[in-house]
Amino acid sequence: MGKRLIRSWLEHPLMNISTINNRQSAVEELVNDNMLRLEITDNLSGIFDIERLMTRIVYGSANARDLRSLCSAITNLPSIANLIAGCRSSHLKLVFKNLDMLEDIHNLIDSAIIEEPPFTVREGGMIKQGYNAELDTVTSDMNNSKYILAQIEAEEREKTGIPKLKVGYNKVFGYFIEVTNSYKSQVPENYIRKQTLTNCERYITPDLKEIESRILGAKDRSVAMEYAIFDSVRTTVADNLERIQKTAKAIATLDVLVSFANVASDNRYVRPEVNQSGSIVIKDSRHPVVEALLKDAPFVPNDVNLDNKGERVAIITGPNMAGKSTYMRQIALIVLLAQMGSFVPASYAKIGIVDSIFTRVGASDDLASGQSTFMVEMNEVANIVKNATSRSLLILDEIGRGTSTFDGMSIARAVLEYCADKKKLGAKTLFATHYHELTVMEDLLDGVKNYSIAVKKRGDDITFLRRIIPGGADDSYGIEVAKLAGVPNSIISRAKEILADLEGGKSELPKKVPVVDDEPQLSLLGAAQSPVIDKIKSVDLNTLTPIEAMNLLYELKNMI
């Protein structure tokens, strides 16, 4: 239930400051009381999905196990109510108010359904003894038929004085009384002769036939009665749908609030100040997902300062892999978390309510509808500029990269001007680009500021510092990034020569391709040899022991 509710809160963030603050106050109270939070978590773990159980119950597809699951969930409600009874935040008080203990539902199910009922509801064996007197009688007839017949036999022997009188059964006549020929003269008048054998006679009586119908029909009657009783219990529970759903929603809300508090406590999240200022000021912001996935290195936090006045648009330049996209996404996620009522991964946050978050991030094409990467990108840009308002937050990652350099740069600048202009849009915008020419916009447009990702360069090697600093980047470091990715040195060297020509004032790529004579001819078998291949070729598989094979595999993996 909590899983569905948190998805709903994510998809429908709040714009009402009072409601946001109510959720935040509840989370804060749970963050500050570790024992309360842990005890609530323990009690929530025993509660099944009440909403889905009720769906099956209402539609008549629930079995006896579903009713027992509901009963088990209700058992935990009193302890949860006791835990939050003294809470001060209005949201937790509302949860407490909406918690119905459902004692009548619990007592009904617990008194009617056995602890571990069968999966099917059409074969009986699910109703507790003592719940229905008539069913108990029928069940007794079914389970105690031998005892009943022995009792009848003893009574008939006593009444007739025939010591060898027997009560038997066959499929043709059903139950009968058997008397040997030597005692035929003592047979009472109410005995009706049914069959004559060589050494005995078989009789029936009206009383015996009545008992026969009770015993032989007991199984069918028992199953039918059990299903009718079960269906009655299920219908009674379904009639209380509104009460149970209200309690289920309260439990789901508590589950989400406790989850928010657990995450905030475990990951050093802070309570953001949410207001109508229109500004976004965050200190030491972190990406909640990337931070959680990092194992070997700490996440580098960054600040952001956006508003609708002096600093509306931040142009972010820097090389690929340096962290531009992560930075922009973490700001969007922090705003989203804040407007859900959650704490946020930062040391301080003041969030002005945004009416929507628009993103143009990532590159993809849509082959099924015949749309190129650039067409998909332009469709998204068109949607943003048509629907965004001055209160929106825009995340634009490398607009125009899907087409030629000058076309892309022109589109990127036009979009940037439109977003920054108060008369047209004037929305808070994070704009990442590789077009360093756009950094001049800081001097040309009001509200535009340049930022870049700090990079440390030593010769041809670069280190990404992941820190956002004021000012534009002086280089994209594309060739260095290609080297980091493992592009062969011959290609890296040639790329540097071409770049030097372009930076030297030549407007076109060199038309003549240099001929290199000293490079060996490519093998027909494919790429050049690597140390890994050499290592594999040098191994004699016939002499390897299993442990040596494992060690070799480990060594090869490290080499790769």
# chains A, B, ... in the order shown; residues from 1 in each chain; ligands from 1
>>> residues_around(residues="Gly341 (chain A)", least_positions_apart="3", cutoff="12 Å", atoms="only C-alpha atoms", output="CSV table (one decimal) with all heavy atoms, in the first residue's frame")
chain,number,residue,atom,x,y,z
A,6,ILE,N,3.5,6.1,-2.3
A,6,ILE,CA,4.7,6.9,-2.6
A,6,ILE,C,4.9,7.2,-4.1
A,6,ILE,O,5.3,8.3,-4.5
A,6,ILE,CB,6.0,6.2,-2.0
A,6,ILE,CG1,7.1,7.3,-1.8
A,6,ILE,CG2,6.5,5.1,-2.8
A,6,ILE,CD1,8.3,6.8,-1.1
A,9,TRP,N,2.5,10.0,-4.7
A,9,TRP,CA,3.0,11.3,-4.2
A,9,TRP,C,4.1,11.8,-5.2
A,9,TRP,O,4.2,13.0,-5.4
A,9,TRP,CB,3.6,11.1,-2.8
A,9,TRP,CG,2.6,11.0,-1.7
A,9,TRP,CD1,1.2,10.9,-1.9
A,9,TRP,CD2,2.7,11.1,-0.3
A,9,TRP,NE1,0.5,10.8,-0.7
A,9,TRP,CE2,1.5,11.0,0.3
A,9,TRP,CE3,3.9,11.2,0.5
A,9,TRP,CZ2,1.3,11.0,1.7
A,9,TRP,CZ3,3.7,11.2,1.9
A,9,TRP,CH2,2.4,11.1,2.5
A,10,LEU,N,4.9,10.9,-5.7
A,10,LEU,CA,6.0,11.3,-6.7
A,10,LEU,C,5.4,11.8,-7.9
A,10,LEU,O,5.9,12.8,-8.5
A,10,LEU,CB,6.8,10.1,-7.0
A,10,LEU,CG,8.1,9.8,-6.1
A,10,LEU,CD1,8.6,8.4,-6.4
A,10,LEU,CD2,9.1,10.8,-6.4
A,12,HIS,N,2.4,13.2,-8.2
A,12,HIS,CA,1.6,14.3,-8.0
A,12,HIS,C,2.1,15.2,-6.8
A,12,HIS,O,1.5,15.2,-5.7
A,12,HIS,CB,0.1,13.9,-7.6
A,12,HIS,CG,-0.5,13.0,-8.7
A,12,HIS,ND1,-0.4,11.6,-8.6
A,12,HIS,CD2,-1.2,13.3,-9.8
A,12,HIS,CE1,-1.0,11.1,-9.7
A,12,HIS,NE2,-1.5,12.1,-10.4
A,13,PRO,N,3.3,15.8,-7.1
A,13,PRO,CA,3.8,16.7,-6.0
A,13,PRO,C,2.9,17.8,-5.6
A,13,PRO,O,2.1,18.2,-6.4
A,13,PRO,CB,5.1,17.2,-6.6
A,13,PRO,CG,5.0,17.0,-8.1
A,13,PRO,CD,4.1,15.9,-8.3
A,14,LEU,N,3.1,18.3,-4.4
A,14,LEU,CA,2.1,19.3,-3.9
A,14,LEU,C,2.5,20.7,-4.3
A,14,LEU,O,3.7,21.0,-4.5
A,14,LEU,CB,2.1,19.2,-2.3
A,14,LEU,CG,1.7,17.9,-1.8
A,14,LEU,CD1,1.9,17.8,-0.3
A,14,LEU,CD2,0.2,17.6,-2.0
A,15,MET,N,1.6,21.6,-4.3
A,15,MET,CA,1.8,23.0,-4.5
A,15,MET,C,1.3,23.9,-3.3
A,15,MET,O,1.5,25.1,-3.3
A,15,MET,CB,1.2,23.5,-5.8
A,15,MET,CG,1.9,23.0,-7.0
A,15,MET,SD,1.3,23.6,-8.6
A,15,MET,CE,1.7,25.4,-8.4
A,16,ASN,N,0.6,23.2,-2.4
A,16,ASN,CA,0.1,23.9,-1.2
A,16,ASN,C,1.1,23.8,-0.1
A,16,ASN,O,1.4,22.7,0.4
A,16,ASN,CB,-1.2,23.2,-0.8
A,16,ASN,CG,-1.9,23.9,0.4
A,16,ASN,OD1,-1.4,23.8,1.5
A,16,ASN,ND2,-3.0,24.6,0.1
A,17,ILE,N,1.6,25.0,0.3
A,17,ILE,CA,2.7,25.0,1.3
A,17,ILE,C,2.2,24.5,2.6
A,17,ILE,O,3.0,23.8,3.3
A,17,ILE,CB,3.2,26.5,1.5
A,17,ILE,CG1,3.9,27.0,0.2
A,17,ILE,CG2,4.1,26.6,2.7
A,17,ILE,CD1,4.3,28.4,0.2
A,18,SER,N,1.0,24.7,3.0
A,18,SER,CA,0.5,24.2,4.3
A,18,SER,C,0.5,22.6,4.3
A,18,SER,O,1.0,22.0,5.3
A,18,SER,CB,-0.9,24.7,4.5
A,18,SER,OG,-1.5,24.1,5.7
A,19,THR,N,0.1,22.0,3.2
A,19,THR,CA,0.1,20.5,3.2
A,19,THR,C,1.5,20.0,3.2
A,19,THR,O,1.8,19.0,3.8
A,19,THR,CB,-0.7,20.1,1.9
A,19,THR,OG1,-1.9,20.7,1.8
A,19,THR,CG2,-0.8,18.6,1.9
A,20,ILE,N,2.4,20.7,2.4
A,20,ILE,CA,3.8,20.3,2.4
A,20,ILE,C,4.4,20.3,3.8
A,20,ILE,O,5.1,19.4,4.3
A,20,ILE,CB,4.6,21.2,1.4
A,20,ILE,CG1,4.2,20.9,0.0
A,20,ILE,CG2,6.1,20.9,1.6
A,20,ILE,CD1,4.8,21.9,-1.0
A,21,ASN,N,4.2,21.4,4.5
A,21,ASN,CA,4.7,21.6,5.9
A,21,ASN,C,4.1,20.6,6.8
A,21,ASN,O,4.8,20.1,7.8
A,21,ASN,CB,4.4,23.0,6.4
A,21,ASN,CG,5.3,24.1,5.8
A,21,ASN,OD1,6.5,23.7,5.5
A,21,ASN,ND2,4.9,25.3,5.6
A,22,ASN,N,2.9,20.2,6.7
A,22,ASN,CA,2.3,19.2,7.5
A,22,ASN,C,3.0,17.8,7.4
A,22,ASN,O,3.3,17.2,8.3
A,22,ASN,CB,0.8,19.0,7.2
A,22,ASN,CG,-0.1,20.1,7.7
A,22,ASN,OD1,0.4,20.9,8.6
A,22,ASN,ND2,-1.3,20.3,7.2
A,23,ARG,N,3.3,17.5,6.1
A,23,ARG,CA,4.0,16.2,5.9
A,23,ARG,C,5.4,16.3,6.5
A,23,ARG,O,5.9,15.4,7.1
A,23,ARG,CB,4.1,16.0,4.4
A,23,ARG,CG,2.8,15.4,3.8
A,23,ARG,CD,3.1,15.1,2.3
A,23,ARG,NE,1.8,14.7,1.6
A,23,ARG,CZ,1.7,14.5,0.3
A,23,ARG,NH1,2.8,14.5,-0.4
A,23,ARG,NH2,0.5,14.2,-0.2
A,24,GLN,N,6.1,17.5,6.2
A,24,GLN,CA,7.4,17.7,6.7
A,24,GLN,C,7.5,17.6,8.3
A,24,GLN,O,8.4,17.0,8.8
A,24,GLN,CB,8.0,19.0,6.3
A,24,GLN,CG,8.3,19.0,4.8
A,24,GLN,CD,8.9,20.4,4.3
A,24,GLN,OE1,8.8,21.3,5.1
A,24,GLN,NE2,9.5,20.4,3.2
A,25,SER,N,6.5,18.2,8.9
A,25,SER,CA,6.5,18.1,10.4
A,25,SER,C,6.3,16.7,10.9
A,25,SER,O,7.0,16.3,11.9
A,25,SER,CB,5.3,19.0,10.9
A,25,SER,OG,5.5,20.4,10.5
A,26,ALA,N,5.5,15.9,10.2
A,26,ALA,CA,5.4,14.5,10.6
A,26,ALA,C,6.7,13.8,10.4
A,26,ALA,O,7.1,13.0,11.3
A,26,ALA,CB,4.3,13.9,9.8
A,27,VAL,N,7.4,14.0,9.3
A,27,VAL,CA,8.7,13.3,9.0
A,27,VAL,C,9.7,13.8,10.1
A,27,VAL,O,10.4,13.0,10.6
A,27,VAL,CB,9.2,13.7,7.6
A,27,VAL,CG1,10.6,13.1,7.4
A,27,VAL,CG2,8.2,13.1,6.6
A,28,GLU,N,9.7,15.1,10.4
A,28,GLU,CA,10.6,15.6,11.4
A,28,GLU,C,10.4,15.0,12.8
A,28,GLU,O,11.4,14.6,13.5
A,28,GLU,CB,10.5,17.1,11.5
A,28,GLU,CG,11.5,17.8,12.4
A,28,GLU,CD,11.5,19.3,12.3
A,28,GLU,OE1,10.3,19.8,12.3
A,28,GLU,OE2,12.5,19.9,12.2
A,91,HIS,N,-0.3,15.8,10.9
A,91,HIS,CA,-0.5,14.7,9.9
A,91,HIS,C,-0.5,13.4,10.6
A,91,HIS,O,-1.3,12.5,10.2
A,91,HIS,CB,0.7,14.7,8.9
A,91,HIS,CG,0.3,14.3,7.5
A,91,HIS,ND1,-0.7,14.9,6.8
A,91,HIS,CD2,0.8,13.3,6.7
A,91,HIS,CE1,-0.8,14.3,5.6
A,91,HIS,NE2,0.0,13.3,5.6
A,253,THR,N,-0.2,5.8,4.5
A,253,THR,CA,0.4,7.2,4.8
A,253,THR,C,1.5,7.1,5.8
A,253,THR,O,2.6,7.7,5.7
A,253,THR,CB,-0.7,8.1,5.2
A,253,THR,OG1,-1.7,8.2,4.2
A,253,THR,CG2,-0.1,9.5,5.5
A,256,VAL,N,4.7,5.5,4.4
A,256,VAL,CA,5.5,6.5,3.6
A,256,VAL,C,6.2,7.5,4.4
A,256,VAL,O,7.4,7.8,4.2
A,256,VAL,CB,4.6,7.2,2.5
A,256,VAL,CG1,5.4,8.3,1.8
A,256,VAL,CG2,4.0,6.2,1.5
A,257,LEU,N,5.5,8.0,5.5
A,257,LEU,CA,6.1,9.0,6.3
A,257,LEU,C,7.3,8.4,7.1
A,257,LEU,O,8.4,9.0,7.3
A,257,LEU,CB,5.1,9.6,7.3
A,257,LEU,CG,4.0,10.4,6.7
A,257,LEU,CD1,3.0,10.8,7.7
A,257,LEU,CD2,4.6,11.7,6.1
A,259,SER,N,9.1,5.8,6.0
A,259,SER,CA,10.1,5.6,5.0
A,259,SER,C,10.9,6.9,4.8
A,259,SER,O,12.1,6.9,4.7
A,259,SER,CB,9.5,5.1,3.7
A,259,SER,OG,8.9,3.9,3.9
A,260,PHE,N,10.2,8.0,4.6
A,260,PHE,CA,10.9,9.3,4.5
A,260,PHE,C,11.8,9.6,5.7
A,260,PHE,O,12.9,10.1,5.5
A,260,PHE,CB,9.8,10.5,4.4
A,260,PHE,CG,9.1,10.6,3.1
A,260,PHE,CD1,8.1,11.5,2.9
A,260,PHE,CD2,9.5,9.8,2.0
A,260,PHE,CE1,7.5,11.6,1.7
A,260,PHE,CE2,8.9,10.0,0.8
A,260,PHE,CZ,7.9,10.9,0.6
A,261,ALA,N,11.3,9.3,6.9
A,261,ALA,CA,12.1,9.6,8.1
A,261,ALA,C,13.3,8.7,8.1
A,261,ALA,O,14.4,9.1,8.5
A,261,ALA,CB,11.2,9.4,9.3
A,264,ALA,N,15.8,10.0,5.6
A,264,ALA,CA,16.4,11.2,6.1
A,264,ALA,C,17.4,11.0,7.2
A,264,ALA,O,18.5,11.6,7.2
A,264,ALA,CB,15.3,12.2,6.6
A,270,VAL,N,18.0,17.0,5.1
A,270,VAL,CA,17.6,18.1,6.0
A,270,VAL,C,16.1,18.5,5.5
A,270,VAL,O,15.7,18.2,4.4
A,270,VAL,CB,18.5,19.3,5.9
A,270,VAL,CG1,19.9,19.0,6.4
A,270,VAL,CG2,18.5,19.9,4.4
A,271,ARG,N,15.5,19.2,6.5
A,271,ARG,CA,14.1,19.7,6.1
A,271,ARG,C,14.2,21.0,5.3
A,271,ARG,O,14.8,22.0,5.8
A,271,ARG,CB,13.3,20.0,7.4
A,271,ARG,CG,12.0,20.6,7.2
A,271,ARG,CD,11.1,20.7,8.4
A,271,ARG,NE,9.8,21.3,8.1
A,271,ARG,CZ,8.8,21.4,9.0
A,271,ARG,NH1,9.0,20.9,10.2
A,271,ARG,NH2,7.7,21.9,8.7
A,272,PRO,N,13.7,21.0,4.1
A,272,PRO,CA,13.8,22.2,3.3
A,272,PRO,C,12.8,23.2,3.7
A,272,PRO,O,11.7,22.9,4.2
A,272,PRO,CB,13.5,21.7,1.9
A,272,PRO,CG,12.6,20.5,2.1
A,272,PRO,CD,13.0,19.9,3.4
A,273,GLU,N,13.1,24.5,3.5
A,273,GLU,CA,12.1,25.6,3.8
A,273,GLU,C,11.4,25.8,2.5
A,273,GLU,O,12.0,26.2,1.5
A,273,GLU,CB,12.9,26.8,4.2
A,273,GLU,CG,11.9,28.0,4.4
A,273,GLU,CD,12.7,29.3,4.6
A,273,GLU,OE1,13.9,29.3,5.0
A,273,GLU,OE2,12.1,30.4,4.3
A,274,VAL,N,10.1,25.6,2.4
A,274,VAL,CA,9.3,25.7,1.2
A,274,VAL,C,8.5,27.0,1.3
A,274,VAL,O,7.8,27.2,2.3
A,274,VAL,CB,8.4,24.5,1.0
A,274,VAL,CG1,7.6,24.6,-0.3
A,274,VAL,CG2,9.3,23.2,0.9
A,334,ILE,N,15.7,17.2,-6.0
A,334,ILE,CA,15.5,17.9,-4.6
A,334,ILE,C,14.3,18.7,-4.6
A,334,ILE,O,13.5,18.7,-3.6
A,334,ILE,CB,16.8,18.7,-4.3
A,334,ILE,CG1,18.0,17.8,-4.0
A,334,ILE,CG2,16.6,19.7,-3.2
A,334,ILE,CD1,19.3,18.4,-3.8
A,335,VAL,N,14.0,19.4,-5.7
A,335,VAL,CA,12.8,20.2,-5.7
A,335,VAL,C,11.5,19.3,-5.7
A,335,VAL,O,10.6,19.6,-4.9
A,335,VAL,CB,12.7,21.1,-7.0
A,335,VAL,CG1,11.4,21.7,-7.2
A,335,VAL,CG2,13.8,22.2,-7.0
A,336,LEU,N,11.6,18.2,-6.4
A,336,LEU,CA,10.5,17.2,-6.4
A,336,LEU,C,10.3,16.6,-5.0
A,336,LEU,O,9.2,16.5,-4.5
A,336,LEU,CB,10.8,16.1,-7.4
A,336,LEU,CG,9.7,15.0,-7.6
A,336,LEU,CD1,8.4,15.6,-8.0
A,336,LEU,CD2,10.2,14.0,-8.6
A,337,LEU,N,11.4,16.2,-4.4
A,337,LEU,CA,11.3,15.7,-3.0
A,337,LEU,C,10.7,16.7,-2.0
A,337,LEU,O,9.9,16.3,-1.2
A,337,LEU,CB,12.7,15.2,-2.5
A,337,LEU,CG,13.3,13.9,-3.1
A,337,LEU,CD1,14.7,13.8,-2.8
A,337,LEU,CD2,12.5,12.7,-2.7
A,338,ALA,N,11.2,17.9,-2.1
A,338,ALA,CA,10.7,19.0,-1.2
A,338,ALA,C,9.2,19.1,-1.4
A,338,ALA,O,8.4,19.3,-0.4
A,338,ALA,CB,11.4,20.3,-1.5
A,344,VAL,N,15.4,16.5,2.1
A,344,VAL,CA,16.2,16.5,0.9
A,344,VAL,C,17.7,16.3,1.2
A,344,VAL,O,18.2,16.7,2.3
A,344,VAL,CB,16.0,17.8,0.1
A,344,VAL,CG1,14.6,18.0,-0.3
A,344,VAL,CG2,16.5,19.0,0.9
A,351,ILE,N,13.3,26.3,-0.9
A,351,ILE,CA,12.7,25.9,-2.2
A,351,ILE,C,11.5,26.8,-2.4
A,351,ILE,O,10.5,26.7,-1.7
A,351,ILE,CB,12.3,24.4,-2.3
A,351,ILE,CG1,13.5,23.5,-1.9
A,351,ILE,CG2,11.8,24.1,-3.7
A,351,ILE,CD1,14.6,23.5,-2.8
A,353,ILE,N,8.2,27.3,-4.4
A,353,ILE,CA,7.3,26.4,-5.1
A,353,ILE,C,7.4,26.6,-6.6
A,353,ILE,O,7.3,27.7,-7.2
A,353,ILE,CB,5.8,26.6,-4.7
A,353,ILE,CG1,5.6,26.2,-3.2
A,353,ILE,CG2,4.8,25.8,-5.6
A,353,ILE,CD1,5.6,24.8,-3.0
>>> residues_around(residues="Ile162 (chain A)", least_positions_apart="3", cutoff="7 Å", atoms="only C-alpha atoms", output="list in words")
Arg157, Leu165 and Tyr183 of chain A
>>> residues_around(residues="Lys386 (chain A)", least_positions_apart="4", cutoff="12 Å", atoms="only C-alpha atoms", output="VMD selection string")
chain A and resid 358 379 to 382 390 392 415 418 to 419 424 to 425
>>> select_by_dssp(residues="region 274-398 of chain A", states="alpha helix (DSSP H)", output="ChimeraX atom specification")
/A:288-293,324-340,373-387
>>> residues_around(residues="region 140-142 of chain A", least_positions_apart="4", cutoff="9 Å", atoms="only C-alpha atoms", output="PyMOL selection string")
chain A and resi 135-136+148+211+214-219+222
>>> write_last_selection(atoms="N, CA and C atoms", output="PDB file, in the first residue's frame")
ATOM      1  N   LEU A 135     -24.026 -26.813  11.536  1.00  0.00           N
ATOM      2  CA  LEU A 135     -22.859 -27.345  10.838  1.00  0.00           C
ATOM      3  C   LEU A 135     -22.108 -28.333  11.723  1.00  0.00           C
ATOM      4  N   ASP A 136     -22.031 -28.042  13.005  1.00  0.00           N
ATOM      5  CA  ASP A 136     -21.347 -28.958  13.924  1.00  0.00           C
ATOM      6  C   ASP A 136     -22.029 -30.324  13.940  1.00  0.00           C
ATOM      7  N   ILE A 148     -21.794 -43.932  15.484  1.00  0.00           N
ATOM      8  CA  ILE A 148     -23.269 -43.891  15.446  1.00  0.00           C
ATOM      9  C   ILE A 148     -23.832 -45.270  15.130  1.00  0.00           C
ATOM     10  N   ILE A 211     -31.227 -42.203   9.581  1.00  0.00           N
ATOM     11  CA  ILE A 211     -29.804 -42.035   9.957  1.00  0.00           C
ATOM     12  C   ILE A 211     -28.912 -42.201   8.725  1.00  0.00           C
ATOM     13  N   ARG A 214     -28.817 -39.053   6.824  1.00  0.00           N
ATOM     14  CA  ARG A 214     -27.986 -38.077   7.541  1.00  0.00           C
ATOM     15  C   ARG A 214     -26.506 -38.323   7.290  1.00  0.00           C
ATOM     16  N   ILE A 215     -26.078 -39.590   7.409  1.00  0.00           N
ATOM     17  CA  ILE A 215     -24.651 -39.907   7.304  1.00  0.00           C
ATOM     18  C   ILE A 215     -24.156 -39.768   5.862  1.00  0.00           C
ATOM     19  N   LEU A 216     -24.902 -40.354   4.904  1.00  0.00           N
ATOM     20  CA  LEU A 216     -24.444 -40.354   3.516  1.00  0.00           C
ATOM     21  C   LEU A 216     -24.472 -38.953   2.899  1.00  0.00           C
ATOM     22  N   GLY A 217     -25.382 -38.106   3.340  1.00  0.00           N
ATOM     23  CA  GLY A 217     -25.468 -36.745   2.779  1.00  0.00           C
ATOM     24  C   GLY A 217     -24.712 -35.717   3.587  1.00  0.00           C
ATOM     25  N   ALA A 218     -24.053 -36.164   4.671  1.00  0.00           N
ATOM     26  CA  ALA A 218     -23.396 -35.210   5.569  1.00  0.00           C
ATOM     27  C   ALA A 218     -22.258 -34.462   4.870  1.00  0.00           C
ATOM     28  N   LYS A 219     -21.467 -35.157   4.062  1.00  0.00           N
ATOM     29  CA  LYS A 219     -20.322 -34.531   3.396  1.00  0.00           C
ATOM     30  C   LYS A 219     -20.771 -33.405   2.476  1.00  0.00           C
ATOM     31  N   SER A 222     -22.280 -30.622   4.469  1.00  0.00           N
ATOM     32  CA  SER A 222     -21.236 -29.906   5.206  1.00  0.00           C
ATOM     33  C   SER A 222     -20.516 -28.912   4.295  1.00  0.00           C
TER      34      SER A 222
END
>>> residues_around(residues="Met35 (chain A)", least_positions_apart="5", cutoff="12 Å", atoms="only C-alpha atoms", output="number ranges by chain")
A: 29-30, 40-42, 83-84, 258, 262
>>> select_by_dssp(residues="region 214-443 of chain A", states="strand (DSSP E)", output="ChimeraX atom specification")
/A:273-275,280-285,302-306,313-317,348-352,357-360,393-397,428-432
>>> residues_around(residues="region 108-117 of chain A", least_positions_apart="3", cutoff="10 Å", atoms="only C-alpha atoms", output="ChimeraX atom specification")
/A:63-72,103-105,120-121,124-132,226,229-230,233-234,236-237
>>> write_last_selection(atoms="C-alpha atoms", output="tab-separated table (two decimals), in the first residue's frame")
chain	number	residue	atom	x	y	z
A	63	ASN	CA	-10.69	-17.27	-0.31
A	64	ALA	CA	-10.52	-18.10	3.39
A	65	ARG	CA	-6.77	-17.42	3.47
A	66	ASP	CA	-7.40	-13.86	2.32
A	67	LEU	CA	-9.82	-13.34	5.19
A	68	ARG	CA	-7.24	-14.69	7.64
A	69	SER	CA	-4.62	-12.33	6.16
A	70	LEU	CA	-6.96	-9.41	6.72
A	71	CYS	CA	-7.59	-10.61	10.27
A	72	SER	CA	-3.84	-10.85	10.87
A	103	GLU	CA	-12.55	-5.14	16.20
A	104	ASP	CA	-15.90	-6.44	14.92
A	105	ILE	CA	-14.32	-7.52	11.61
A	120	THR	CA	-10.09	-23.78	-2.13
A	121	VAL	CA	-13.47	-22.72	-0.72
A	124	GLY	CA	-15.01	-27.46	3.19
A	125	GLY	CA	-12.66	-27.66	6.14
A	126	MET	CA	-12.44	-23.89	6.73
A	127	ILE	CA	-15.11	-23.07	9.35
A	128	LYS	CA	-14.24	-23.33	13.03
A	129	GLN	CA	-16.09	-25.81	15.26
A	130	GLY	CA	-18.56	-24.04	17.51
A	131	TYR	CA	-19.35	-21.19	15.09
A	132	ASN	CA	-22.54	-22.80	13.73
A	226	GLU	CA	-19.41	-24.16	5.00
A	229	ILE	CA	-21.22	-19.46	6.02
A	230	PHE	CA	-17.92	-18.35	4.43
A	233	VAL	CA	-18.65	-13.67	6.42
A	234	ARG	CA	-17.05	-12.40	3.20
A	236	THR	CA	-20.21	-8.82	5.84
A	237	VAL	CA	-16.55	-7.80	5.48
>>> closest_residue(among="A:Arg466, A:Lys171, A:Arg413, A:Arg4", to="Pro298 (chain A)", atoms="only C-alpha atoms")
A:Arg466
>>> residues_around(residues="Glu291 (chain A)", least_positions_apart="5", cutoff="10 Å", atoms="only C-alpha atoms", output="JSON, numbers by chain")
{"A": [267, 286, 297, 298, 299, 300, 301, 345]}
>>> closest_residue(among="A:Ala238, A:Cys200, A:Ile453, A:Leu208", to="Met328 (chain A)", atoms="only C-alpha atoms")
A:Ile453
>>> closest_residue(among="A:Ala473, A:Ile462, A:Ala454, A:Gly400", to="His436 (chain A)", atoms="only C-alpha atoms")
A:Ala473
>>> closest_residue(among="A:Lys496, A:Lys324, A:His287, A:Lys146", to="Tyr451 (chain A)", atoms="only C-alpha atoms")
A:Lys324
>>> closest_residue(among="A:Met54, A:Ala427, A:Leu38, A:Met378", to="Ile280 (chain A)", atoms="only C-alpha atoms")
A:Ala427
>>> closest_residue(among="A:Asp100, A:Glu11, A:Glu242, A:Asp207", to="Val58 (chain A)", atoms="only C-alpha atoms")
A:Glu242
>>> atom_distance(atom1="CA of Ser277 (chain A)", atom2="CA of Leu306 (chain A)")
10.8 Å
